[in-house]
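**Student:** Please find work.tsv (TSV, C-alpha atoms and all ligand atoms) on the next line:
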```tsv
chain	number	residue	atom	x	y	z
A	1	MET	CA	64.22	75.84	-3.97
A	2	HIS	CA	66.30	77.83	-6.46
A	3	GLU	CA	65.83	77.04	-10.10
A	4	ALA	CA	68.65	75.22	-11.93
A	5	ARG	CA	70.48	77.60	-14.28
A	6	THR	CA	72.33	74.89	-16.21
A	7	ILE	CA	71.77	71.17	-16.43
A	8	ARG	CA	74.70	70.68	-14.06
A	9	ASP	CA	72.59	72.22	-11.23
A	10	VAL	CA	70.00	69.44	-11.61
A	11	PRO	CA	70.30	66.66	-8.97
A	12	GLY	CA	71.79	63.55	-10.62
A	13	ALA	CA	73.07	65.58	-13.59
A	14	MET	CA	76.48	63.89	-13.76
A	15	GLU	CA	75.01	60.38	-13.93
A	16	PHE	CA	72.53	61.63	-16.52
A	17	LEU	CA	75.26	63.26	-18.65
A	18	HIS	CA	77.37	60.09	-18.43
A	19	LEU	CA	74.46	57.95	-19.61
A	20	SER	CA	73.75	60.42	-22.44
A	21	ALA	CA	77.38	60.50	-23.61
A	22	LYS	CA	77.73	56.72	-23.39
A	23	ALA	CA	74.60	56.16	-25.47
A	24	GLY	CA	75.76	58.84	-27.91
A	25	GLN	CA	79.14	57.18	-28.41
A	26	ASP	CA	77.58	53.79	-29.18
A	27	ALA	CA	76.90	53.54	-32.93
A	28	ALA	CA	74.48	50.69	-32.24
A	29	LEU	CA	72.27	53.21	-30.39
A	30	VAL	CA	72.90	56.66	-31.86
A	31	GLN	CA	74.12	57.73	-35.29
A	32	GLY	CA	75.15	61.33	-36.04
A	33	PRO	CA	72.82	63.93	-34.53
A	34	GLY	CA	70.10	61.32	-33.87
A	35	GLY	CA	68.90	60.23	-30.42
A	36	ASN	CA	68.13	62.43	-27.45
A	37	THR	CA	67.78	62.29	-23.69
A	38	SER	CA	66.02	64.39	-21.05
A	39	ILE	CA	65.66	64.87	-17.32
A	40	LYS	CA	62.81	66.63	-15.51
A	41	GLN	CA	63.27	68.87	-12.48
A	42	ASP	CA	60.90	71.40	-10.86
A	43	GLY	CA	58.58	71.64	-13.86
A	44	ILE	CA	61.46	72.03	-16.32
A	45	LEU	CA	62.37	69.49	-18.98
A	46	TRP	CA	66.11	69.57	-19.73
A	47	VAL	CA	66.33	68.15	-23.24
A	48	LYS	CA	69.00	67.80	-25.89
A	49	ALA	CA	69.21	70.63	-28.41
A	50	SER	CA	68.34	69.89	-32.04
A	51	GLY	CA	71.29	69.01	-34.28
A	52	THR	CA	73.77	68.54	-31.40
A	53	GLN	CA	75.55	65.25	-30.74
A	54	LEU	CA	74.59	63.21	-27.69
A	55	ALA	CA	78.19	61.95	-27.60
A	56	ASP	CA	79.23	65.51	-26.54
A	57	ALA	CA	76.99	65.48	-23.44
A	58	LEU	CA	79.92	65.69	-21.00
A	59	THR	CA	82.05	68.18	-22.90
A	60	ALA	CA	79.59	70.70	-24.41
A	61	ASP	CA	76.37	72.46	-23.38
A	62	ILE	CA	73.91	70.47	-25.47
A	63	PHE	CA	70.88	70.59	-23.14
A	64	LEU	CA	68.38	73.39	-22.76
A	65	PRO	CA	65.43	73.97	-20.41
A	66	VAL	CA	61.82	73.76	-21.64
A	67	ARG	CA	58.73	74.60	-19.52
A	68	LEU	CA	56.80	71.38	-19.16
A	69	ALA	CA	53.26	72.51	-18.19
A	70	PRO	CA	52.66	74.96	-21.08
A	71	LEU	CA	54.17	72.46	-23.54
A	72	LEU	CA	51.81	69.70	-22.35
A	73	GLN	CA	48.84	72.08	-22.51
A	74	ALA	CA	49.80	73.03	-26.05
A	75	LEU	CA	50.08	69.34	-26.98
A	76	ASP	CA	46.59	68.77	-25.59
A	77	ARG	CA	45.15	71.35	-27.97
A	78	HIS	CA	47.29	70.11	-30.93
A	79	ASP	CA	49.03	73.48	-31.10
A	80	PRO	CA	51.45	73.62	-34.08
A	81	ALA	CA	53.97	75.28	-31.73
A	82	CYS	CA	54.68	71.71	-30.51
A	83	GLU	CA	56.32	70.93	-33.88
A	84	THR	CA	59.56	72.52	-32.66
A	85	SER	CA	58.74	73.29	-28.98
A	86	ALA	CA	60.95	76.40	-29.42
A	87	ASP	CA	58.30	78.69	-27.85
A	88	PHE	CA	58.57	76.84	-24.55
A	89	VAL	CA	62.33	77.25	-23.96
A	90	VAL	CA	63.07	79.17	-20.72
A	91	ALA	CA	64.11	82.61	-21.92
A	92	GLY	CA	67.49	83.72	-20.56
A	93	LEU	CA	68.80	80.18	-20.02
A	94	ASN	CA	69.65	79.45	-23.66
A	95	PRO	CA	72.78	81.52	-24.30
A	96	ARG	CA	73.69	79.65	-27.50
A	97	ALA	CA	70.17	80.23	-28.92
A	98	LEU	CA	69.76	76.52	-29.64
A	99	ARG	CA	66.46	74.91	-30.53
A	100	PRO	CA	65.09	72.01	-28.50
A	101	SER	CA	65.18	68.56	-30.10
A	102	ILE	CA	62.43	68.02	-32.65
A	103	GLU	CA	61.47	65.05	-30.47
A	104	THR	CA	61.03	67.12	-27.28
A	105	THR	CA	57.34	66.26	-27.05
A	106	LEU	CA	58.13	62.51	-26.76
A	107	HIS	CA	60.07	63.36	-23.61
A	108	ALA	CA	57.39	65.67	-22.25
A	109	LEU	CA	54.61	63.11	-22.68
A	110	LEU	CA	56.27	60.50	-20.49
A	111	PRO	CA	55.90	61.36	-16.79
A	112	GLN	CA	59.08	59.55	-15.67
A	113	ARG	CA	62.00	61.76	-14.67
A	114	VAL	CA	64.59	60.39	-17.12
A	115	VAL	CA	63.81	59.60	-20.77
A	116	VAL	CA	66.24	58.15	-23.32
A	117	HIS	CA	65.36	58.00	-27.02
A	118	VAL	CA	67.74	56.13	-29.35
A	119	HIS	CA	67.74	54.78	-32.89
A	120	CYS	CA	68.89	51.40	-31.61
A	121	VAL	CA	69.82	49.07	-34.50
A	122	GLU	CA	68.56	45.98	-32.63
A	123	THR	CA	65.18	47.70	-32.15
A	124	LEU	CA	65.10	48.96	-35.75
A	125	SER	CA	65.63	45.42	-37.04
A	126	TRP	CA	62.24	44.49	-35.49
A	127	ALA	CA	60.48	47.86	-35.74
A	128	CYS	CA	60.92	47.95	-39.55
A	129	ARG	CA	59.06	44.67	-40.02
A	130	GLU	CA	55.41	44.50	-41.12
A	131	ASP	CA	54.77	42.25	-38.13
A	132	GLY	CA	57.04	44.26	-35.79
A	133	GLU	CA	54.54	44.67	-32.97
A	134	ALA	CA	53.78	40.93	-32.76
A	135	ARG	CA	57.47	39.92	-32.87
A	136	LEU	CA	58.35	42.52	-30.25
A	137	SER	CA	55.57	41.29	-27.92
A	138	GLU	CA	57.30	37.92	-27.75
A	139	ARG	CA	60.63	39.49	-26.83
A	140	LEU	CA	59.48	42.26	-24.50
A	141	LYS	CA	57.09	40.03	-22.51
A	142	GLY	CA	56.92	41.09	-18.85
A	143	LEU	CA	58.00	44.66	-19.56
A	144	ASN	CA	55.59	47.57	-19.35
A	145	TRP	CA	55.82	48.54	-23.02
A	146	ALA	CA	53.86	50.06	-25.90
A	147	PHE	CA	54.19	50.05	-29.69
A	148	VAL	CA	53.50	53.26	-31.60
A	149	PRO	CA	53.01	52.80	-35.36
A	150	TYR	CA	55.05	55.09	-37.62
A	151	ALA	CA	54.14	58.78	-37.67
A	152	ARG	CA	56.30	61.74	-38.67
A	153	PRO	CA	58.32	63.05	-35.69
A	154	GLY	CA	56.96	66.29	-34.23
A	155	LEU	CA	53.24	66.77	-33.70
A	156	PRO	CA	51.98	63.66	-35.58
A	157	LEU	CA	54.24	61.29	-33.61
A	158	SER	CA	53.37	63.01	-30.32
A	159	GLN	CA	49.68	62.51	-31.01
A	160	ALA	CA	50.22	58.86	-31.97
A	161	MET	CA	52.19	58.34	-28.77
A	162	ALA	CA	49.67	60.19	-26.57
A	163	ALA	CA	47.08	57.63	-27.71
A	164	ARG	CA	49.21	54.76	-26.31
A	165	LEU	CA	50.04	56.11	-22.86
A	166	SER	CA	47.42	54.33	-20.80
A	167	PRO	CA	48.77	52.60	-18.79
A	168	VAL	CA	51.98	54.66	-18.83
A	169	PRO	CA	54.70	52.50	-20.42
A	170	SER	CA	58.38	52.58	-19.47
A	171	VAL	CA	59.44	51.22	-22.89
A	172	VAL	CA	58.04	52.55	-26.16
A	173	VAL	CA	58.99	51.13	-29.55
A	174	LEU	CA	58.35	53.58	-32.37
A	175	GLY	CA	57.52	51.73	-35.61
A	176	ASN	CA	60.10	52.42	-38.38
A	177	HIS	CA	61.94	54.75	-36.01
A	178	GLY	CA	63.46	53.58	-32.73
A	179	LEU	CA	63.23	53.08	-28.99
A	180	VAL	CA	62.27	55.17	-25.95
A	181	VAL	CA	62.97	54.05	-22.38
A	182	ALA	CA	61.94	55.95	-19.26
A	183	GLY	CA	62.68	55.64	-15.55
A	184	ASP	CA	62.38	57.70	-12.40
A	185	THR	CA	66.15	57.47	-11.89
A	186	VAL	CA	69.09	57.53	-14.31
A	187	ASP	CA	70.00	54.03	-13.15
A	188	ALA	CA	66.50	52.66	-13.84
A	189	ALA	CA	66.51	54.10	-17.37
A	190	ALA	CA	70.04	52.79	-18.04
A	191	LYS	CA	69.13	49.26	-16.84
A	192	LEU	CA	66.01	49.24	-18.99
A	193	LEU	CA	67.99	50.30	-22.06
A	194	THR	CA	70.47	47.46	-21.53
A	195	ASP	CA	67.66	44.96	-20.91
A	196	VAL	CA	65.74	45.90	-24.08
A	197	GLN	CA	68.92	45.81	-26.18
A	198	ARG	CA	69.70	42.33	-24.83
A	199	ARG	CA	66.18	41.05	-25.49
A	200	LEU	CA	66.15	42.36	-29.06
A	201	ARG	CA	69.69	41.30	-30.00
A	202	ARG	CA	70.02	39.29	-33.19
A	203	PRO	CA	73.10	37.71	-34.75
A	204	GLU	CA	74.71	39.63	-37.59
A	205	ALA	CA	75.27	37.79	-40.84
A	206	HIS	CA	78.44	38.56	-42.76
A	207	ALA	CA	78.29	39.12	-46.48
A	208	GLY	CA	81.92	39.03	-47.63
A	209	SER	CA	84.17	41.91	-48.54
A	210	ALA	CA	84.12	44.72	-51.05
A	211	ASN	CA	85.59	44.56	-54.53
A	212	TRP	CA	87.72	47.68	-54.04
A	213	ALA	CA	89.20	47.65	-57.56
A	214	ARG	CA	85.73	47.53	-59.11
A	215	LEU	CA	84.49	50.33	-56.83
A	216	ASP	CA	87.45	52.56	-57.71
A	217	LEU	CA	86.78	51.98	-61.40
A	218	VAL	CA	83.05	52.80	-61.10
A	219	ALA	CA	83.76	55.90	-58.99
A	220	GLU	CA	86.51	57.29	-61.19
A	221	ALA	CA	85.91	60.96	-62.10
A	222	THR	CA	82.40	61.00	-60.58
A	223	GLY	CA	82.89	62.79	-57.24
A	224	TYR	CA	82.05	59.54	-55.46
A	225	GLN	CA	84.40	57.19	-53.63
A	226	ALA	CA	84.30	53.75	-51.99
A	227	VAL	CA	82.94	53.98	-48.43
A	228	ALA	CA	85.86	53.70	-45.98
A	229	ASP	CA	83.91	51.69	-43.39
A	230	PRO	CA	84.31	48.05	-44.57
A	231	LEU	CA	81.02	46.91	-43.00
A	232	VAL	CA	78.86	49.20	-45.15
A	233	HIS	CA	79.69	47.25	-48.33
A	234	ALA	CA	77.64	44.25	-47.16
A	235	LEU	CA	74.55	46.19	-48.31
A	236	ALA	CA	75.63	45.68	-51.92
A	237	LEU	CA	77.05	42.17	-51.57
A	238	ASP	CA	73.95	40.29	-50.44
A	239	PRO	CA	71.01	40.18	-52.95
A	240	PHE	CA	68.37	40.25	-50.18
A	241	ARG	CA	69.83	43.36	-48.53
A	242	LEU	CA	70.37	45.07	-51.87
A	243	GLN	CA	66.79	44.49	-52.95
A	244	ALA	CA	65.32	45.40	-49.56
A	245	VAL	CA	67.07	48.77	-49.30
A	246	ALA	CA	66.43	49.58	-52.98
A	247	GLN	CA	62.69	49.39	-52.25
A	248	GLY	CA	62.73	52.46	-50.03
A	249	SER	CA	63.78	54.06	-46.76
A	250	LEU	CA	63.17	52.31	-43.47
A	251	TYR	CA	63.33	55.15	-40.88
A	252	PRO	CA	63.39	58.97	-40.75
A	253	ASP	CA	67.09	59.78	-40.21
A	254	HIS	CA	68.01	57.83	-43.34
A	255	VAL	CA	65.76	60.15	-45.33
A	256	ILE	CA	67.11	63.28	-43.60
A	257	PHE	CA	70.82	62.55	-43.95
A	258	LEU	CA	71.01	60.19	-46.95
A	259	GLY	CA	68.03	61.25	-49.01
A	260	PRO	CA	64.86	59.29	-49.71
A	261	ALA	CA	66.47	56.25	-51.26
A	262	VAL	CA	69.64	54.48	-52.25
A	263	LEU	CA	70.67	54.02	-55.85
A	264	THR	CA	71.61	50.55	-57.04
A	265	LEU	CA	73.91	50.06	-59.97
A	266	GLN	CA	74.56	46.85	-61.89
A	267	PRO	CA	78.28	46.08	-62.21
A	268	ASP	CA	78.21	46.79	-65.97
A	269	GLU	CA	76.43	50.15	-65.58
A	270	SER	CA	78.44	53.36	-65.80
A	271	LEU	CA	77.97	55.82	-62.94
A	272	LYS	CA	79.57	58.52	-65.03
A	273	LEU	CA	76.96	58.10	-67.78
A	274	LEU	CA	74.15	57.95	-65.25
A	275	LEU	CA	75.27	61.21	-63.63
A	276	ALA	CA	75.57	62.88	-67.03
A	277	ARG	CA	72.02	61.81	-67.94
A	278	ASN	CA	70.48	63.08	-64.69
A	279	ASP	CA	69.79	66.74	-64.25
A	280	ARG	CA	68.68	66.19	-60.66
A	281	PRO	CA	71.00	65.07	-57.84
A	282	ILE	CA	70.93	61.31	-57.35
A	283	ALA	CA	70.93	59.49	-54.01
A	284	PRO	CA	74.17	59.96	-52.06
A	285	LEU	CA	74.45	56.26	-51.21
A	286	ILE	CA	75.15	54.15	-54.29
A	287	LEU	CA	75.25	50.38	-54.05
A	288	VAL	CA	77.16	48.66	-56.82
A	289	ALA	CA	75.70	45.14	-56.95
A	290	GLY	CA	78.26	42.55	-55.91
A	291	ALA	CA	81.01	45.15	-55.42
A	292	GLY	CA	80.20	47.54	-52.55
A	293	ALA	CA	79.04	51.01	-51.56
A	294	LEU	CA	79.96	54.52	-52.73
A	295	LEU	CA	79.31	57.90	-51.11
A	296	PRO	CA	80.12	61.38	-52.43
A	297	ARG	CA	83.61	62.60	-51.51
A	298	THR	CA	81.82	65.47	-49.74
A	299	ALA	CA	79.57	63.18	-47.65
A	300	THR	CA	78.92	64.59	-44.14
A	301	PRO	CA	79.81	62.59	-41.01
A	302	SER	CA	76.05	62.20	-40.49
A	303	ALA	CA	75.65	60.65	-43.96
A	304	LYS	CA	78.50	58.23	-43.23
A	305	ALA	CA	76.99	57.31	-39.86
A	306	MET	CA	73.60	56.67	-41.50
A	307	ALA	CA	75.17	54.43	-44.18
A	308	ARG	CA	76.69	52.34	-41.38
A	309	CYS	CA	73.38	52.28	-39.50
A	310	LEU	CA	71.60	50.86	-42.53
A	311	ALA	CA	74.29	48.19	-42.90
A	312	ASP	CA	73.98	47.33	-39.19
A	313	VAL	CA	70.19	46.99	-39.37
A	314	MET	CA	70.26	44.92	-42.57
A	315	ALA	CA	72.97	42.59	-41.19
A	316	ARG	CA	70.39	41.49	-38.60
A	317	LEU	CA	67.66	40.69	-41.12
A	318	ARG	CA	67.32	37.46	-43.07
A	319	PRO	CA	65.90	36.78	-46.55
A	320	GLY	CA	62.11	36.55	-46.45
A	321	GLU	CA	61.58	38.88	-43.50
A	322	PRO	CA	58.61	41.13	-44.30
A	323	LEU	CA	59.80	44.74	-44.23
A	324	ARG	CA	57.68	47.86	-43.96
A	325	HIS	CA	59.19	50.80	-45.86
A	326	LEU	CA	58.29	54.45	-45.44
A	327	THR	CA	55.87	55.62	-48.13
A	328	ALA	CA	56.66	58.37	-50.65
A	329	THR	CA	54.26	60.57	-48.65
A	330	ASP	CA	56.20	59.84	-45.43
A	331	GLU	CA	59.47	60.78	-47.16
A	332	TYR	CA	58.01	63.96	-48.63
A	333	ALA	CA	56.68	65.01	-45.21
A	334	LEU	CA	60.14	64.56	-43.65
A	335	LEU	CA	62.03	66.42	-46.37
A	336	ASN	CA	59.66	69.37	-46.43
A	337	TRP	CA	59.48	69.95	-42.71
A	338	ASP	CA	61.26	73.14	-41.61
A	339	ALA	CA	62.50	71.67	-38.33
A	340	GLU	CA	64.43	69.02	-40.27
A	341	LYS	CA	65.94	71.56	-42.65
A	342	TYR	CA	67.52	73.16	-39.57
A	343	ARG	CA	69.05	69.82	-38.50
A	344	GLN	CA	70.36	69.18	-42.04
A	345	ALA	CA	71.93	72.65	-42.16
A	346	LEU	CA	73.73	72.08	-38.82
A	347	SER	CA	75.01	68.73	-40.07
A	348	LYS	CA	76.44	70.33	-43.22
A	349	ALA	CA	77.98	73.16	-41.19
A	350	ARG	CA	79.80	70.62	-39.02
A	351	ALA	CA	81.16	68.61	-41.97
A	401	ZN	ZN	64.13	59.62	-33.21
```
Represent the structure of the file as structure tokens.
Ligand SMILES: [Zn+2]

**Tutor:**
Amino acid sequence: MHEARTIRDVPGAMEFLHLSAKAGQDAALVQGPGGNTSIKQDGILWVKASGTQLADALTADIFLPVRLAPLLQALDRHDPACETSADFVVAGLNPRALRPSIETTLHALLPQRVVVHVHCVETLSWACREDGEARLSERLKGLNWAFVPYARPGLPLSQAMAARLSPVPSVVVLGNHGLVVAGDTVDAAAKLLTDVQRRLRRPEAHAGSANWARLDLVAEATGYQAVADPLVHALALDPFRLQAVAQGSLYPDHVIFLGPAVLTLQPDESLKLLLARNDRPIAPLILVAGAGALLPRTATPSAKAMARCLADVMARLRPGEPLRHLTATDEYALLNWDAEKYRQALSKARA
């Protein structure tokens, strides 16, 4: 059998690319450069490239081939090369010199042919709870699933996941991170994704609308502006949401694209004064209590997508739900990891 030279030579590629693009275009599943998919063929793992957009799966070359056996052997010996998986890309079949997704090892570890990893907001609304695993067990009953407590993506997450692969699950919920589904066909993976989303769905609570005049006043001459997406403002309008997000970040891509926190401002506080007093950059996402949300005028599309993601997750949570935030150590590990600096740089380049 001749080796596939592009993903389009892989049997079932069109269905796979359709599923990838559809997931990528759904903001309830994928935000910005987050989320990734893969398909295995003849010992090669075709996986999304780091920093590319899943939504472009049908229109751009965003997949590259990685040799599966040496990658799995390296994972077995905890080889740091698994942090980026770049050493395992098939030489000569990567004309754009892309890097594989930083989550390539998640895909390699699951033996099923098709793997879909998304930052599904329904899943996040459970996976960011202290009691996430117990609540998920009730909803995922009957499915072959596993829960992996939070670990930094890359080698630590791969090792945490490797410890939960017996028996091999077809659904994996990553604590404070997202969802992985796997199937031997594209159709099986797609059906599982729909099923899990349906099981984890929660009603969204509305929190009123922004005070645009107040936001314009606070933002005047600061380089910030009111967020255009009306749904993001709910974060600042509901005291529970405001307090919960002020306590810390809930999942990795928030930290990568919006910084390690949000800044809350009381309506009588001056943003201009605050900026003048700070010699360090402050959080891009600013929540003005009771008024709405601000982002820098220069905010990247990824930052805007992550602000919306946070609003979507929080709209599903109710006062009193016990949340688990990332620790300062978790945030530091994400922000000082070279593989993530690459993804941030691509996001800025695209803005
Ligand atoms: Zn992820």

**Student:** Could you work out how far CA of Gly34 (chain A) lies from CA of Leu72 (chain A), giving the answer in Å with one decimal?

**Tutor:**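 That distance, rounded to one decimal, is 23.2 Å.
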
**Student:** My list of candidates is A:Leu193, A:Val121, A:Ile286, A:Val114. Which is closest to Trp46 (chain A) when distances are computed with all atoms listed in the file?

**Tutor:** A:Val114

**Student:** Rounded to one decimal, what separation in Å do you get between CA of Asp229 (chain A) and CA of Lys304 (chain A)?

**Tutor:**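 CA of Lys304 (chain A) lies at a distance of 8.5 Å from CA of Asp229 (chain A).
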
**Student:** Can you pull out every residue within 12 Å of Arg139 (chain A), counting only C-alpha atoms, but drop anything in the same chain fewer than 4 positions away, and send it as a list in words?

**Tutor:**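 Here the qualifying residues turn out to be Glu122, Thr123, Trp126, Gly132, Glu133, Ala134, Arg135, Leu143, Trp145, Asp195, Val196, Gln197, Arg198, Arg199, Leu200, Arg201 and Arg202 of chain A.
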
**Student:** Between CA of Asn144 (chain A) and CA of Pro169 (chain A), measure the distance and give it in Å to one decimal.

**Tutor:**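 Between CA of Asn144 (chain A) and CA of Pro169 (chain A) the gap is 5.1 Å.
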
**Student:** What would the list of residues within 12 Å of (68.1, 45.3, -41.3) (file frame) look like as number ranges by chain, if only C-alpha atoms are what count?

**Tutor:** A: 120-129, 176, 202-205, 234-235, 238, 240-245, 249-251, 307-325

**Student:** Would you mind listing the residues within 7 Å of ligand ZN 401 (chain A), counting only C-alpha atoms and all ligand atoms, as JSON, numbers by chain?

**Tutor:** {"A": [34, 35, 103, 117, 118, 119, 177, 178]}

**Student:** Fewer than 2 positions away in the same chain doesn't count, so skip those; otherwise give me all residues within 10 Å of Gly208 (chain A), counting only C-alpha atoms, as a PyMOL selection string.

**Tutor:** chain A and resi 205-206+210-211+230-231+233-234+237-238+290-292

**Student:** Looking at A:Val30, A:Ala228, A:Leu215, A:Val255, which one is nearest to Lys341 (chain A), with distances taken over only C-alpha atoms?

**Tutor:**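 Under the stated criterion, the closest residue is A:Val255.
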
**Student:** Show me, as a tab-separated table, the residues of region 57-143 of chain A having an atom within 8 Å of region 148-155 of chain A, each with the closest atom pair and its distance in Å, using only C-alpha atoms.

**Tutor:**
```
residue	atom	partner	partner_atom	distance
A:Leu75	CA	A:Leu155	CA	7.9
A:His78	CA	A:Leu155	CA	7.4
A:Pro80	CA	A:Leu155	CA	7.1
A:Cys82	CA	A:Leu155	CA	6.1
A:Glu83	CA	A:Gly154	CA	4.7
A:Thr84	CA	A:Gly154	CA	6.9
A:Ile102	CA	A:Gly154	CA	6.0
A:Glu103	CA	A:Gly154	CA	6.0
A:Thr105	CA	A:Gly154	CA	7.2
```

**Student:** Identify which of the residues A:Pro167, A:Pro239, A:Pro301, A:Gly43 lies closest to Leu258 (chain A), counting all atoms listed in the file when measuring atom-to-atom distances.

**Tutor:**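 Checking each candidate against Leu258 (chain A), we get A:Pro301 as the closest.
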
**Student:** Kindly indicate which residue among A:Asn94, A:Ser170, A:Thr329, A:Thr222 lies nearest to Lys272 (chain A), using only C-alpha atoms for the distances.

**Tutor:**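 The closest residue to Lys272 (chain A) is A:Thr222.
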
**Student:** Pick the closest to Lys48 (chain A) from A:His107, A:Arg164, A:Arg214, A:Arg113: which is it, counting all atoms listed in the file?

**Tutor:**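 Comparing A:His107, A:Arg164, A:Arg214, A:Arg113 against Lys48 (chain A), the winner is A:His107.
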
**Student:** Using only C-alpha atoms, which protein or nucleic acid residues come within 7 Å of Gln225 (chain A)? Drop anything in the same chain fewer than 6 positions from it, and give the result as a list of chain:residue names.

**Tutor:**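 Close residues of Gln225 (chain A): A:Asp216, A:Ala219, A:Leu294, A:Leu295, A:Pro296, A:Arg297.
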